[in-house]
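A short write-up of the structure that comes next.
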Amino acid sequence: MLFKTICFRLMHSGGSKHRSVVVRLSSSAAEGAVAPPANCRITAEQAVRLWAQHFTLHGISEPLLSSQYIISHVLGQKTLECVPRKRLRDTLTDREMERVWKLCSKCLTRMPVQYVIEEWDFRDLTLKMKCPVFIPRPETEELVSLVLEDLRLIRWESHRTDLRGLEVGCGSGAISLSLLHSIPQLRVFALDQSQTAVCLTTENANRLGLQDRLDVHHLDVIKDADAILRECDPVDFIVSNPPYLLSQDMKTLQTEILSHISFLEGLKTMPHWTGVWTGCL
Ligand SMILES: C[S@@+](CC[C@H](N)C(=O)[O-])C[C@H]1O[C@@H](n2cnc3c(N)ncnc32)[C@H](O)[C@@H]1O
């Protein structure tokens with residue numbers, strides 16, 4: 001493997017002093033490695049900068065944020081702002097450094113940071129993420145807010161609390177689990193054509209203690225219509241964030257998305273689903 005040695009000059013804790021950290025960079029991202037600093041001593045703060053620079057060199061999207069997410073995750077926090085300042089200036093332990101290097105190297109393979117740290121926040125829930133299940137988008141949080149508004153109105157008008165919903169294409173379970181979390185009497189039947197997505201939704205439901213009000217099924221909404229009608233009780237609403245990218249837009253996608261997320265496959269089977277859709281029956 002070909003290495004070049006680079007000396008990063010990093011701001012030393014507290015201000016104007018600089019300290020050099022020598023690292024060896026591999027010549028390509030595919031080789032995927034940055035050797036740890038020669039003296040094995042680096043603070044969290046320095047590691048953030050070093051990896052942000054390295055990500056920039058390799059064209060990783062949002063280099064600083066990605067580096068910050070990974071290092072805060074290793075330090076047991078969601079964001080760098082949550083890490084005490086002193087901790088940021090302490091030298092990483094061997095174990096922490098090993099983890100930072102391992103996770104950051106995964107990022108070099110263009111794996112989205114959400115898969116690297118294996119979790120992501122959606123509204124007020126922390127969900128486990130697993131490649132290649134779709135990573136919930138911020139716009140989907142808005143979709144959930146809209147559905148919640150509709151459901152509040154329906155409950156108020158119908159004087160019913162025992163509503164039932166169907167989610168088509170549950171992915172990680174973000175939509176169903178957020179709705180269940182917000183409305184304690186709700187029950188949801190969720191389905192996905194991907195077995196990995198079904199397992200992930202089930203795992204997230206168990207982690208959040210919402211499994212008793214959620215039925216998750218490995219079904220294809222096009223091919224298994226009879227089974228869905230048979231297994232799913234009558235529902236009051238259907239919600240879905242289906243595959244929504246048009247083929248002409250796929251060329252513009254980031255490598256991170258194209259090579260890791262399988263939701264695009266749905267376009268072949270759901271050509272008539274062209275946008276985020278939600279409806280109440
Ligand atoms: C855009 S993702 C949305 C995932 C999740 N609901 C979210 O918002 O994060 C679309 C999901 O639909 C699933 N899907 C695609 N075609 C399907 C089909 N024919 N039947 C059931 N699920 C399907 C995919 O596996 C994927 O998990």
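Ordered as shown in the structure tokens, chains take letters A, B, and onward, while each chain numbers its residues from 1 and ligands are numbered from 1 in the order shown.
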Contacts with ligand 1 at most 7 Å, only C-alpha atoms and all ligand atoms counted, listed as a PDB file with N, CA and C atoms, in the first residue's frame:
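And here's selection21.pdb as it stands now:
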ATOM      1  N   VAL A 133     -30.950   0.125   4.230  1.00  0.00           N
ATOM      2  CA  VAL A 133     -32.299   0.653   4.498  1.00  0.00           C
ATOM      3  C   VAL A 133     -32.273   2.186   4.435  1.00  0.00           C
ATOM      4  N   PHE A 134     -33.290   2.744   3.830  1.00  0.00           N
ATOM      5  CA  PHE A 134     -33.384   4.189   3.595  1.00  0.00           C
ATOM      6  C   PHE A 134     -33.174   4.998   4.888  1.00  0.00           C
ATOM      7  N   ILE A 135     -32.346   6.029   4.806  1.00  0.00           N
ATOM      8  CA  ILE A 135     -32.106   6.909   5.966  1.00  0.00           C
ATOM      9  C   ILE A 135     -33.191   7.980   5.967  1.00  0.00           C
ATOM     10  N   PRO A 136     -33.981   8.090   7.041  1.00  0.00           N
ATOM     11  CA  PRO A 136     -35.090   9.057   7.029  1.00  0.00           C
ATOM     12  C   PRO A 136     -34.601  10.484   6.807  1.00  0.00           C
ATOM     13  N   ARG A 137     -35.358  11.232   6.030  1.00  0.00           N
ATOM     14  CA  ARG A 137     -34.986  12.585   5.632  1.00  0.00           C
ATOM     15  C   ARG A 137     -35.693  13.621   6.520  1.00  0.00           C
ATOM     16  N   THR A 140     -39.272  14.147   5.799  1.00  0.00           N
ATOM     17  CA  THR A 140     -40.201  13.122   6.289  1.00  0.00           C
ATOM     18  C   THR A 140     -40.687  13.484   7.700  1.00  0.00           C
ATOM     19  N   VAL A 168     -47.025   1.948   4.103  1.00  0.00           N
ATOM     20  CA  VAL A 168     -46.456   1.189   2.985  1.00  0.00           C
ATOM     21  C   VAL A 168     -45.000   1.630   2.791  1.00  0.00           C
ATOM     22  N   GLY A 169     -44.075   0.677   2.920  1.00  0.00           N
ATOM     23  CA  GLY A 169     -42.647   0.984   2.742  1.00  0.00           C
ATOM     24  C   GLY A 169     -42.082   1.628   3.999  1.00  0.00           C
ATOM     25  N   CYS A 170     -42.006   0.841   5.095  1.00  0.00           N
ATOM     26  CA  CYS A 170     -41.670   1.447   6.400  1.00  0.00           C
ATOM     27  C   CYS A 170     -40.171   1.718   6.577  1.00  0.00           C
ATOM     28  N   GLY A 171     -39.299   1.094   5.792  1.00  0.00           N
ATOM     29  CA  GLY A 171     -37.857   1.365   5.930  1.00  0.00           C
ATOM     30  C   GLY A 171     -37.364   1.075   7.336  1.00  0.00           C
ATOM     31  N   SER A 172     -36.835   2.098   8.004  1.00  0.00           N
ATOM     32  CA  SER A 172     -36.329   1.917   9.372  1.00  0.00           C
ATOM     33  C   SER A 172     -37.455   1.986  10.408  1.00  0.00           C
ATOM     34  N   GLY A 173     -38.659   2.330   9.960  1.00  0.00           N
ATOM     35  CA  GLY A 173     -39.796   2.452  10.878  1.00  0.00           C
ATOM     36  C   GLY A 173     -40.036   3.879  11.339  1.00  0.00           C
ATOM     37  N   ALA A 174     -39.294   4.832  10.774  1.00  0.00           N
ATOM     38  CA  ALA A 174     -39.329   6.218  11.268  1.00  0.00           C
ATOM     39  C   ALA A 174     -40.765   6.779  11.369  1.00  0.00           C
ATOM     40  N   ILE A 175     -41.541   6.624  10.299  1.00  0.00           N
ATOM     41  CA  ILE A 175     -42.880   7.242  10.290  1.00  0.00           C
ATOM     42  C   ILE A 175     -43.799   6.530  11.290  1.00  0.00           C
ATOM     43  N   LEU A 191     -45.597  -2.320   6.381  1.00  0.00           N
ATOM     44  CA  LEU A 191     -45.045  -3.351   5.498  1.00  0.00           C
ATOM     45  C   LEU A 191     -43.911  -2.782   4.654  1.00  0.00           C
ATOM     46  N   ASP A 192     -43.057  -3.696   4.221  1.00  0.00           N
ATOM     47  CA  ASP A 192     -41.972  -3.306   3.312  1.00  0.00           C
ATOM     48  C   ASP A 192     -41.597  -4.534   2.492  1.00  0.00           C
ATOM     49  N   GLN A 193     -41.192  -4.277   1.264  1.00  0.00           N
ATOM     50  CA  GLN A 193     -40.773  -5.389   0.394  1.00  0.00           C
ATOM     51  C   GLN A 193     -39.380  -5.890   0.755  1.00  0.00           C
ATOM     52  N   SER A 194     -38.657  -5.112   1.576  1.00  0.00           N
ATOM     53  CA  SER A 194     -37.294  -5.498   1.948  1.00  0.00           C
ATOM     54  C   SER A 194     -37.295  -6.153   3.327  1.00  0.00           C
ATOM     55  N   ALA A 197     -35.415  -4.158   5.887  1.00  0.00           N
ATOM     56  CA  ALA A 197     -36.198  -3.046   6.440  1.00  0.00           C
ATOM     57  C   ALA A 197     -37.185  -3.556   7.489  1.00  0.00           C
ATOM     58  N   LEU A 219     -44.011  -7.645   2.983  1.00  0.00           N
ATOM     59  CA  LEU A 219     -44.978  -7.748   1.891  1.00  0.00           C
ATOM     60  C   LEU A 219     -44.683  -6.696   0.830  1.00  0.00           C
ATOM     61  N   ASP A 220     -45.058  -7.037  -0.394  1.00  0.00           N
ATOM     62  CA  ASP A 220     -44.904  -6.100  -1.510  1.00  0.00           C
ATOM     63  C   ASP A 220     -46.285  -5.541  -1.833  1.00  0.00           C
ATOM     64  N   VAL A 221     -46.390  -4.227  -1.800  1.00  0.00           N
ATOM     65  CA  VAL A 221     -47.720  -3.621  -1.941  1.00  0.00           C
ATOM     66  C   VAL A 221     -48.343  -3.911  -3.316  1.00  0.00           C
ATOM     67  N   ILE A 222     -47.498  -4.178  -4.306  1.00  0.00           N
ATOM     68  CA  ILE A 222     -48.041  -4.459  -5.640  1.00  0.00           C
ATOM     69  C   ILE A 222     -48.389  -5.947  -5.766  1.00  0.00           C
ATOM     70  N   SER A 240     -47.453   6.871   3.428  1.00  0.00           N
ATOM     71  CA  SER A 240     -46.288   6.305   2.754  1.00  0.00           C
ATOM     72  C   SER A 240     -45.331   7.397   2.294  1.00  0.00           C
ATOM     73  N   ASN A 241     -44.062   7.097   2.403  1.00  0.00           N
ATOM     74  CA  ASN A 241     -43.024   7.906   1.776  1.00  0.00           C
ATOM     75  C   ASN A 241     -42.359   6.959   0.784  1.00  0.00           C
ATOM     76  N   PRO A 242     -42.996   6.794  -0.370  1.00  0.00           N
ATOM     77  CA  PRO A 242     -42.530   5.779  -1.314  1.00  0.00           C
ATOM     78  C   PRO A 242     -41.277   6.225  -2.049  1.00  0.00           C
ATOM     79  N   PRO A 243     -40.642   5.308  -2.792  1.00  0.00           N
ATOM     80  CA  PRO A 243     -39.516   5.728  -3.627  1.00  0.00           C
ATOM     81  C   PRO A 243     -39.997   6.851  -4.532  1.00  0.00           C
ATOM     82  N   TYR A 244     -39.287   7.958  -4.524  1.00  0.00           N
ATOM     83  CA  TYR A 244     -39.850   9.130  -5.195  1.00  0.00           C
ATOM     84  C   TYR A 244     -38.930   9.786  -6.199  1.00  0.00           C
ATOM     85  N   PHE A 263     -33.229   1.913  -1.824  1.00  0.00           N
ATOM     86  CA  PHE A 263     -34.625   2.302  -2.017  1.00  0.00           C
ATOM     87  C   PHE A 263     -34.944   2.631  -3.462  1.00  0.00           C
ATOM     88  N   GLU A 265     -34.514   0.860  -5.937  1.00  0.00           N
ATOM     89  CA  GLU A 265     -35.082  -0.308  -6.593  1.00  0.00           C
ATOM     90  C   GLU A 265     -36.584  -0.194  -6.721  1.00  0.00           C
ATOM     91  N   GLY A 266     -37.191   0.464  -5.776  1.00  0.00           N
ATOM     92  CA  GLY A 266     -38.650   0.577  -5.764  1.00  0.00           C
ATOM     93  C   GLY A 266     -39.187   1.243  -7.009  1.00  0.00           C
ATOM     94  N   THR A 269     -40.707  -1.043  -9.449  1.00  0.00           N
ATOM     95  CA  THR A 269     -41.981  -1.690  -9.147  1.00  0.00           C
ATOM     96  C   THR A 269     -43.096  -0.690  -8.865  1.00  0.00           C
ATOM     97  N   MET A 270     -42.750   0.547  -8.577  1.00  0.00           N
ATOM     98  CA  MET A 270     -43.786   1.531  -8.278  1.00  0.00           C
ATOM     99  C   MET A 270     -43.650   2.742  -9.187  1.00  0.00           C
TER     100      MET A 270
END
Can you list, as number ranges by chain, every residue of range 35-121 of chain A that DSSP puts in strand (DSSP E or B)?
A: 35, 43, 91, 119-121
Need to verify the contact set: range 94-103 of chain A, 10 Å, only C-alpha atoms, exclusion of same-chain residues closer than 4 positions in sequence. Can you return it as a PDB file with C-alpha atoms, in the first residue's frame?
ATOM      1  CA  GLY A  32      -9.197   3.316   2.889  1.00  0.00           C
ATOM      2  CA  ALA A  33      -6.628   4.040   5.517  1.00  0.00           C
ATOM      3  CA  VAL A  34      -5.019   6.799   7.452  1.00  0.00           C
ATOM      4  CA  ALA A  35      -2.419   5.464   9.793  1.00  0.00           C
ATOM      5  CA  PRO A  36      -2.871   6.736  13.360  1.00  0.00           C
ATOM      6  CA  PRO A  37      -0.484   9.470  14.518  1.00  0.00           C
ATOM      7  CA  CYS A  40      -0.261   7.683  19.205  1.00  0.00           C
ATOM      8  CA  ARG A  41      -1.359  10.891  20.941  1.00  0.00           C
ATOM      9  CA  ILE A  42      -4.125  13.050  19.578  1.00  0.00           C
ATOM     10  CA  THR A  43      -6.922  14.972  21.241  1.00  0.00           C
ATOM     11  CA  ALA A  44     -10.562  14.676  20.164  1.00  0.00           C
ATOM     12  CA  ALA A  47      -8.934  14.252  15.466  1.00  0.00           C
ATOM     13  CA  VAL A  48     -12.011  16.210  14.304  1.00  0.00           C
ATOM     14  CA  TRP A  51     -10.432  13.779   9.671  1.00  0.00           C
ATOM     15  CA  SER A  67     -15.961  14.031  11.307  1.00  0.00           C
ATOM     16  CA  ILE A  70     -18.241  10.236  14.325  1.00  0.00           C
ATOM     17  CA  ILE A  71     -15.993  11.611  17.039  1.00  0.00           C
ATOM     18  CA  SER A  72     -18.904  12.738  19.239  1.00  0.00           C
ATOM     19  CA  HIS A  73     -20.430   9.293  18.759  1.00  0.00           C
ATOM     20  CA  VAL A  74     -17.217   7.624  19.944  1.00  0.00           C
ATOM     21  CA  LEU A  75     -17.226   9.961  22.964  1.00  0.00           C
ATOM     22  CA  CYS A 107     -16.641   7.002   5.665  1.00  0.00           C
ATOM     23  CA  LEU A 108     -13.857   6.972   3.083  1.00  0.00           C
ATOM     24  CA  MET A 111     -20.681   4.990   3.372  1.00  0.00           C
ATOM     25  CA  VAL A 113     -22.262   8.696   8.226  1.00  0.00           C
ATOM     26  CA  TYR A 115     -24.678   3.900   8.536  1.00  0.00           C
ATOM     27  CA  VAL A 116     -21.200   4.371   9.958  1.00  0.00           C
ATOM     28  CA  ILE A 117     -22.462   5.329  13.426  1.00  0.00           C
TER      29      ILE A 117
END
Separating CA of Leu163 in chain A from CA of Val188 in chain A, to the nearest tenth of an Å, is a gap of 8.6 Å
